[in-house]
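Dropping target_15.tsv in here (TSV, C-alpha atoms):
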chain	number	residue	atom	x	y	z
R	1	VAL	CA	107.37	-13.93	140.76
R	2	TRP	CA	106.27	-10.37	140.08
R	3	ALA	CA	109.51	-9.03	141.57
R	4	ARG	CA	111.58	-11.29	139.30
R	5	ALA	CA	109.49	-10.30	136.29
R	6	ALA	CA	109.93	-6.61	137.12
R	7	ALA	CA	113.65	-7.07	137.61
R	8	ALA	CA	113.90	-8.91	134.28
R	9	LEU	CA	111.95	-6.14	132.57
R	10	ARG	CA	114.20	-3.47	134.08
R	11	SER	CA	117.22	-5.44	132.97
R	12	LYS	CA	115.91	-5.71	129.42
R	13	LEU	CA	115.09	-2.01	129.32
R	14	HIS	CA	118.55	-1.19	130.63
R	15	GLN	CA	120.12	-3.42	128.03
R	16	HIS	CA	118.13	-1.88	125.19
R	17	LYS	CA	117.66	1.64	126.55
R	18	SER	CA	119.18	3.21	123.46
R	19	THR	CA	116.84	1.25	121.22
R	20	VAL	CA	113.87	2.20	123.41
R	21	VAL	CA	114.82	5.87	123.31
R	22	LEU	CA	115.23	5.75	119.54
R	23	ALA	CA	111.84	4.07	119.20
R	24	LEU	CA	110.23	6.72	121.39
R	25	ILE	CA	111.83	9.50	119.37
R	26	ALA	CA	110.68	7.88	116.13
R	27	ALA	CA	107.14	7.43	117.47
R	28	THR	CA	107.09	11.04	118.68
R	29	SER	CA	108.30	12.22	115.28
R	30	VAL	CA	105.61	10.24	113.47
R	31	GLY	CA	102.97	11.55	115.89
R	32	GLY	CA	104.23	15.10	115.45
R	33	VAL	CA	104.15	14.84	111.67
R	34	THR	CA	100.63	13.34	111.77
R	35	TRP	CA	99.40	16.03	114.15
R	36	SER	CA	100.97	18.77	112.06
R	37	SER	CA	99.40	17.33	108.91
R	38	VAL	CA	95.94	17.37	110.51
R	39	LEU	CA	96.43	20.95	111.67
R	40	SER	CA	97.75	21.97	108.26
R	41	VAL	CA	94.64	20.56	106.58
R	42	HIS	CA	92.43	22.36	109.10
R	43	ASN	CA	94.29	25.65	108.62
R	44	GLN	CA	94.14	25.30	104.84
R	45	ARG	CA	90.41	24.65	104.97
R	46	PHE	CA	89.88	27.66	107.24
R	47	LEU	CA	91.94	29.86	104.92
R	48	THR	CA	89.97	28.64	101.91
R	49	GLU	CA	86.64	29.31	103.61
R	50	THR	CA	87.76	32.74	104.79
R	51	ARG	CA	89.04	33.69	101.33
R	52	ALA	CA	85.72	32.55	99.82
R	53	ALA	CA	83.81	34.66	102.35
R	54	VAL	CA	85.97	37.70	101.58
R	55	ASP	CA	85.48	37.23	97.83
R	56	GLN	CA	81.73	36.77	98.26
R	57	THR	CA	81.40	39.91	100.38
R	58	TYR	CA	83.45	41.91	97.91
R	59	THR	CA	81.28	40.63	95.03
R	60	VAL	CA	78.08	41.63	96.86
R	61	LYS	CA	79.49	45.11	97.47
R	62	LEU	CA	80.35	45.59	93.81
R	63	LEU	CA	76.97	44.29	92.64
R	64	ILE	CA	75.04	46.58	94.99
R	65	HIS	CA	77.09	49.57	93.86
R	66	GLU	CA	76.48	48.65	90.23
R	67	ILE	CA	72.72	48.18	90.78
R	68	VAL	CA	72.40	51.59	92.44
R	69	GLY	CA	74.22	53.18	89.50
R	70	LEU	CA	72.00	51.41	86.97
R	71	VAL	CA	68.83	52.42	88.80
R	72	SER	CA	70.07	56.01	88.78
R	73	ASP	CA	70.69	55.80	85.01
R	74	LEU	CA	67.23	54.32	84.57
R	75	GLU	CA	65.74	57.14	86.64
R	76	SER	CA	67.53	59.77	84.58
R	77	GLY	CA	66.42	58.27	81.27
R	78	VAL	CA	62.78	57.99	82.25
R	79	ARG	CA	62.68	61.48	83.71
R	80	GLY	CA	64.30	62.97	80.61
R	81	PHE	CA	61.79	61.22	78.35
R	82	ALA	CA	58.85	62.32	80.52
R	83	LEU	CA	59.96	65.94	80.34
R	84	THR	CA	60.96	66.16	76.66
R	85	ARG	CA	59.17	63.24	74.95
R	86	ASP	CA	62.51	62.63	73.22
R	87	GLU	CA	63.20	58.94	72.52
R	88	PHE	CA	66.92	59.65	72.85
R	89	PHE	CA	66.64	59.52	76.65
R	90	LEU	CA	65.24	56.00	76.52
R	91	GLU	CA	68.62	54.69	75.38
R	92	SER	CA	69.93	54.99	78.95
R	93	LEU	CA	66.80	53.16	80.14
R	94	TYR	CA	67.30	50.25	77.76
R	95	GLN	CA	71.03	50.03	78.42
R	96	ALA	CA	70.48	50.12	82.19
R	97	GLU	CA	67.69	47.54	81.90
R	98	SER	CA	69.90	45.14	79.95
R	99	ARG	CA	72.67	45.19	82.54
R	100	LEU	CA	70.36	45.54	85.56
R	101	GLN	CA	68.65	42.22	84.99
R	102	GLY	CA	71.99	40.42	84.83
R	103	ALA	CA	73.24	42.17	87.96
R	104	LEU	CA	70.06	41.23	89.83
R	105	VAL	CA	70.47	37.58	88.83
R	106	GLU	CA	74.09	37.62	90.04
R	107	LEU	CA	73.08	39.26	93.31
R	108	SER	CA	70.34	36.70	93.91
R	109	ALA	CA	72.87	33.92	93.33
R	110	ALA	CA	75.30	35.40	95.88
R	111	VAL	CA	74.66	33.91	99.31
R	112	SER	CA	75.04	36.35	102.18
R	113	ILE	CA	76.42	35.13	105.51
R	114	ASP	CA	74.24	37.48	107.55
R	115	PRO	CA	70.48	36.65	107.46
R	116	LEU	CA	69.67	40.37	107.74
R	117	GLN	CA	71.81	41.00	104.68
R	118	ALA	CA	69.99	38.25	102.81
R	119	GLN	CA	66.67	39.94	103.59
R	120	ARG	CA	68.00	43.31	102.48
R	121	THR	CA	69.43	42.02	99.20
R	122	ASP	CA	66.19	40.15	98.50
R	123	LEU	CA	64.22	43.35	99.09
R	124	ILE	CA	66.61	45.33	96.86
R	125	ILE	CA	66.06	42.81	94.06
R	126	LYS	CA	62.28	43.03	94.40
R	127	LEU	CA	62.34	46.84	94.52
R	128	ALA	CA	64.65	47.00	91.49
R	129	TYR	CA	62.25	44.86	89.45
R	130	ARG	CA	59.35	47.02	90.64
R	131	ARG	CA	61.28	50.15	89.64
R	132	LEU	CA	61.95	48.67	86.22
R	133	ASN	CA	58.27	47.85	85.67
R	134	HIS	CA	57.32	51.28	87.00
R	135	ALA	CA	59.66	52.93	84.45
R	136	HIS	CA	58.08	51.04	81.56
R	137	ALA	CA	54.63	51.98	82.82
R	138	LEU	CA	55.63	55.66	82.89
R	139	VAL	CA	57.02	55.48	79.36
R	140	GLN	CA	53.79	53.91	78.18
R	141	LEU	CA	51.79	56.57	80.01
R	142	VAL	CA	53.75	59.34	78.28
R	143	ARG	CA	53.35	57.68	74.88
R	144	ASP	CA	49.61	57.31	75.48
R	145	GLY	CA	49.35	61.07	76.06
R	146	GLY	CA	48.61	61.05	79.77
R	147	ASP	CA	48.12	64.41	81.46
R	148	SER	CA	50.91	66.11	83.34
R	149	SER	CA	49.44	65.45	86.79
R	150	GLN	CA	49.35	61.70	86.13
R	151	ILE	CA	52.87	61.74	84.74
R	152	THR	CA	54.16	63.79	87.68
R	153	ALA	CA	52.51	61.50	90.22
R	154	HIS	CA	53.82	58.42	88.46
R	155	ALA	CA	57.32	59.90	88.24
R	156	PHE	CA	57.21	60.81	91.94
R	157	GLY	CA	56.26	57.22	92.80
R	158	GLY	CA	59.24	56.02	90.77
R	159	LYS	CA	61.54	58.43	92.62
R	160	LEU	CA	60.31	57.05	95.95
R	161	LEU	CA	61.19	53.54	94.81
R	162	THR	CA	64.63	54.73	93.68
R	163	ASP	CA	65.25	56.46	97.03
R	164	ARG	CA	64.18	53.30	98.88
R	165	ILE	CA	66.60	51.22	96.82
R	166	ARG	CA	69.43	53.68	97.53
R	167	THR	CA	68.72	53.65	101.27
R	168	LEU	CA	68.67	49.86	101.45
R	169	ALA	CA	71.75	49.64	99.25
R	170	GLY	CA	73.60	52.08	101.54
R	171	GLU	CA	72.71	50.07	104.64
R	172	THR	CA	73.66	46.82	102.93
R	173	ALA	CA	76.92	48.25	101.60
R	174	SER	CA	77.87	49.54	105.07
R	175	THR	CA	77.24	46.13	106.62
R	176	GLU	CA	79.10	44.37	103.81
R	177	ALA	CA	82.02	46.77	104.24
R	178	ALA	CA	82.16	45.96	107.97
R	179	GLN	CA	81.99	42.24	107.20
R	180	PHE	CA	84.67	42.66	104.56
R	181	ARG	CA	87.01	44.33	107.07
R	182	GLU	CA	86.28	41.69	109.69
R	183	GLN	CA	86.82	38.81	107.27
R	184	SER	CA	89.98	40.43	105.92
R	185	ASP	CA	91.30	40.75	109.47
R	186	GLN	CA	90.44	37.10	110.11
R	187	LEU	CA	92.19	36.08	106.92
R	188	THR	CA	95.28	38.10	107.82
R	189	ALA	CA	95.32	36.61	111.34
R	190	ALA	CA	94.83	33.08	109.97
R	191	MET	CA	97.69	33.49	107.50
R	192	ALA	CA	99.94	34.87	110.24
R	193	ALA	CA	98.99	31.94	112.52
R	194	ALA	CA	99.71	29.50	109.68
R	195	ARG	CA	103.15	31.05	109.17
R	196	ARG	CA	103.89	30.86	112.91
R	197	PHE	CA	102.70	27.25	113.01
R	198	ASN	CA	104.88	26.32	110.06
R	199	GLY	CA	107.85	28.02	111.72
R	200	TRP	CA	107.29	26.13	114.98
R	201	LEU	CA	106.79	22.90	113.06
R	202	VAL	CA	110.07	23.32	111.21
R	203	ALA	CA	111.84	24.12	114.49
R	204	VAL	CA	110.36	21.09	116.29
R	205	LEU	CA	111.17	18.74	113.42
R	206	LEU	CA	114.70	20.14	113.26
R	207	VAL	CA	115.16	19.52	117.01
R	208	MET	CA	113.80	15.98	116.60
R	209	VAL	CA	116.16	15.27	113.72
R	210	ILE	CA	119.14	16.61	115.67
R	211	THR	CA	118.16	14.64	118.77
R	212	LEU	CA	117.69	11.50	116.73
R	213	GLY	CA	121.08	12.00	115.11
R	214	VAL	CA	122.81	12.55	118.47
R	215	LEU	CA	121.15	9.49	120.01
R	216	THR	CA	122.00	7.38	116.98
R	217	PHE	CA	125.63	8.50	117.19
R	218	ARG	CA	125.78	7.75	120.93
R	219	TRP	CA	124.11	4.39	120.40
R	220	ARG	CA	126.57	3.40	117.71
R	221	ARG	CA	129.46	4.60	119.86
R	222	SER	CA	128.19	2.65	122.85
R	223	GLN	CA	127.85	-0.44	120.67
R	224	ALA	CA	131.55	-0.10	119.77
R	225	LEU	CA	132.59	-0.26	123.45
R	226	VAL	CA	133.03	-3.57	125.22
R	227	LYS	CA	132.87	-3.76	129.03
R	228	VAL	CA	135.50	-6.15	130.38
R	229	CYS	CA	135.72	-7.20	134.02
R	230	ALA	CA	139.04	-6.02	135.43
R	231	TRP	CA	139.31	-9.09	137.64
R	232	SER	CA	137.81	-12.05	135.80
R	233	LYS	CA	138.34	-10.70	132.27
R	234	THR	CA	134.80	-11.72	131.37
R	235	ILE	CA	132.79	-9.52	128.98
R	236	GLU	CA	129.32	-8.04	129.53
R	237	TYR	CA	126.96	-8.69	126.64
R	238	GLU	CA	123.17	-8.36	126.73
R	239	GLY	CA	123.16	-8.31	130.52
R	240	GLU	CA	125.34	-11.39	130.94
R	241	TRP	CA	129.02	-11.74	131.81
R	242	LEU	CA	130.57	-14.12	129.31
R	243	THR	CA	133.96	-15.61	128.81
R	244	PHE	CA	135.91	-14.27	125.85
R	245	GLU	CA	135.19	-17.43	123.85
R	246	ALA	CA	131.43	-17.29	124.63
R	247	TYR	CA	131.33	-13.59	123.74
R	248	LEU	CA	132.90	-14.25	120.33
R	249	GLN	CA	130.48	-17.06	119.65
R	250	ARG	CA	127.37	-15.15	120.92
R	251	ARG	CA	128.05	-11.86	119.19
R	252	PHE	CA	129.93	-12.84	116.04
R	253	GLY	CA	129.11	-16.53	115.68
R	254	LEU	CA	132.78	-17.49	115.86
R	255	GLN	CA	134.07	-20.82	117.12
R	256	THR	CA	137.38	-20.76	119.01
R	257	SER	CA	140.28	-23.12	119.56
R	258	HIS	CA	143.13	-22.83	122.02
R	259	GLY	CA	146.86	-22.75	121.64
R	260	ILE	CA	149.85	-21.02	123.27
R	261	SER	CA	151.74	-17.97	122.09
R	262	PRO	CA	155.56	-18.14	121.71
R	263	GLN	CA	156.08	-15.73	124.60
R	264	GLU	CA	153.93	-17.78	126.95
R	265	ALA	CA	155.57	-20.95	125.68
R	266	ASP	CA	159.02	-19.52	126.57
R	267	LYS	CA	157.76	-18.54	130.02
R	268	PHE	CA	156.31	-21.98	130.55
R	269	VAL	CA	159.54	-23.72	129.52
R	270	ALA	CA	161.55	-21.42	131.81
R	271	ARG	CA	159.30	-22.23	134.80
R	272	MET	CA	159.58	-25.94	134.09
R	273	ASN	CA	163.37	-25.73	133.93
R	274	ARG	CA	163.52	-23.86	137.23
R	275	SER	CA	161.36	-26.43	138.87
Rendering of file as C-alpha cells:
Amino acid sequence: VWARAAAALRSKLHQHKSTVVLALIAATSVGGVTWSSVLSVHNQRFLTETRAAVDQTYTVKLLIHEIVGLVSDLESGVRGFALTRDEFFLESLYQAESRLQGALVELSAAVSIDPLQAQRTDLIIKLAYRRLNHAHALVQLVRDGGDSSQITAHAFGGKLLTDRIRTLAGETASTEAAQFREQSDQLTAAMAAARRFNGWLVAVLLVMVITLGVLTFRWRRSQALVKVCAWSKTIEYEGEWLTFEAYLQRRFGLQTSHGISPQEADKFVARMNRS
C-alpha cells in the first residue's frame, strides 16, 4: 500500500513538476522579500539609533564647550569688578549668567550613554551653579566694602572652582570626542552594510525574477507539446495514455464523431474492387 502510494505521489509530482517548481520559486521569493523586509526594518532602526547617539554626543560636546566659555566670561567679569569696582565688568557676568543657566538645563536634559560621563556632566552642572553663587557672593562682598584679603581669598576660591570645571569639561569633552568618532564609524559602517544588503537584495530578486520567467516560459512551452506514442498513436496526458478521442474530451471537453476522409474512402473502394 505504501509503495503504491509513494509511486502515485512520484507520478503526480512528475506530472506537475513545473507547477511544483514554480510554487517553490514563488514561496522562496515571498520568503526572501519577507526576510529582507525584516532586515531592512532592523537596519533602519539601528541607523536611527546610531544617528541619535551621534547627535546627542555632538550636542553634549557643544554644550560643554559653551559652558566652559561662559564660566570663563563670568570669571573675567567678577575679577574685573573686584579689582576696579567698576560696574561695567558686571555686564559680562550677567550676560554669562543668563545663557549659562539655559545651557546647564540643556546639558542636564541630555542623556549620556556612558555612566561615567553622566557623573561628570552632573558634577559640572553642580560646580557651575556653585561658581555662579560664588561670583554673586564676591560681588556682594566687594559692594559691602570687604577688605582686600577677604576679596583675594574669595576670588582664589572662585578660580579653583573654575579650574575644576575646566578640568572636568576637558575630560568629558575628550571622552565625548572618542565616543563621537566611534559612533560615527559605526554609522558609516552601518550605512555601508545597508547599501551592500540592498545591492545583494536587488541581485537576488533579479535572479529570482529571471528564473521564474525562464521556468514559466519552459512550462508554457512544455504545455504546448503533446507526446504521442509512435506505435499505438495514443496521447500522454496527466500520466495516462489516452486515445485521440479521449484526449480531446479530457483536455478540451470536445465530443467526437467518426467518418471517413475521401482519400481513405477511395482506398477502401479500391481494395473492395480488387477483392
Hey, which of R:Ala82, R:Leu254, R:Leu47, R:Leu63 ends up closest to R:Ser148? Count all atoms listed in the file.
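The closest residue to R:Ser148 is R:Ala82.
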Fewer than 2 positions away in the same chain doesn't count, so skip those; otherwise give me all residues within 12 Å of R:Arg251, counting all atoms listed in the file, as a list in words.
Gln223, Val226, Ile235, Glu236, Tyr237, Glu238, Leu242, Thr243, Phe244, Glu245, Ala246, Tyr247, Leu248, Gln249, Gly253, Leu254 and Gln255 of chain R
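Surrounding residues of (72.8, 50.7, 89.2) at most 10 Å away are Leu63, Ile64, His65, Glu66, Ile67, Val68, Gly69, Leu70, Val71, Ser72, Asp73, Leu74, Glu75, Ala96, Glu97, Arg99, Leu100, Ala103, Leu104, Ala128, Ile165 and Arg166 of chain R (based on only C-alpha atoms).
You will find atom CA of R:Arg131 at 7.0 Å from atom CA of R:Thr162.
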For atom CA of R:Phe197 and atom CA of R:Gln44, quote the distance in Å rounded to one decimal.
12.0 Å
So what do you get for atom CA of R:Leu168 versus atom CA of R:Arg120, distance-wise?
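Between these atoms lies a distance of 6.7 Å.
Minimum atom-to-atom distances from R:Thr50, R:Gln150, R:Val228, R:Ile125 to R:Ala137 were compared using only C-alpha atoms, and the lowest value belongs to R:Gln150.
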List as a PyMOL selection string: which residues have an atom within 12 Å of (59.8, 46.9, 94.4), counting only C-alpha atoms?
chain R and resi 71+121-135+157-165+168
Output of the above residues as a PDB file, in the coordinates of the input, restricted to C-alpha atoms:
ATOM      1  CA  VAL R  71      68.830  52.420  88.800  1.00  0.00           C
ATOM      2  CA  THR R 121      69.430  42.020  99.200  1.00  0.00           C
ATOM      3  CA  ASP R 122      66.190  40.150  98.500  1.00  0.00           C
ATOM      4  CA  LEU R 123      64.220  43.350  99.090  1.00  0.00           C
ATOM      5  CA  ILE R 124      66.610  45.330  96.860  1.00  0.00           C
ATOM      6  CA  ILE R 125      66.060  42.810  94.060  1.00  0.00           C
ATOM      7  CA  LYS R 126      62.280  43.030  94.400  1.00  0.00           C
ATOM      8  CA  LEU R 127      62.340  46.840  94.520  1.00  0.00           C
ATOM      9  CA  ALA R 128      64.650  47.000  91.490  1.00  0.00           C
ATOM     10  CA  TYR R 129      62.250  44.860  89.450  1.00  0.00           C
ATOM     11  CA  ARG R 130      59.350  47.020  90.640  1.00  0.00           C
ATOM     12  CA  ARG R 131      61.280  50.150  89.640  1.00  0.00           C
ATOM     13  CA  LEU R 132      61.950  48.670  86.220  1.00  0.00           C
ATOM     14  CA  ASN R 133      58.270  47.850  85.670  1.00  0.00           C
ATOM     15  CA  HIS R 134      57.320  51.280  87.000  1.00  0.00           C
ATOM     16  CA  ALA R 135      59.660  52.930  84.450  1.00  0.00           C
ATOM     17  CA  GLY R 157      56.260  57.220  92.800  1.00  0.00           C
ATOM     18  CA  GLY R 158      59.240  56.020  90.770  1.00  0.00           C
ATOM     19  CA  LYS R 159      61.540  58.430  92.620  1.00  0.00           C
ATOM     20  CA  LEU R 160      60.310  57.050  95.950  1.00  0.00           C
ATOM     21  CA  LEU R 161      61.190  53.540  94.810  1.00  0.00           C
ATOM     22  CA  THR R 162      64.630  54.730  93.680  1.00  0.00           C
ATOM     23  CA  ASP R 163      65.250  56.460  97.030  1.00  0.00           C
ATOM     24  CA  ARG R 164      64.180  53.300  98.880  1.00  0.00           C
ATOM     25  CA  ILE R 165      66.600  51.220  96.820  1.00  0.00           C
ATOM     26  CA  LEU R 168      68.670  49.860 101.450  1.00  0.00           C
TER      27      LEU R 168
END
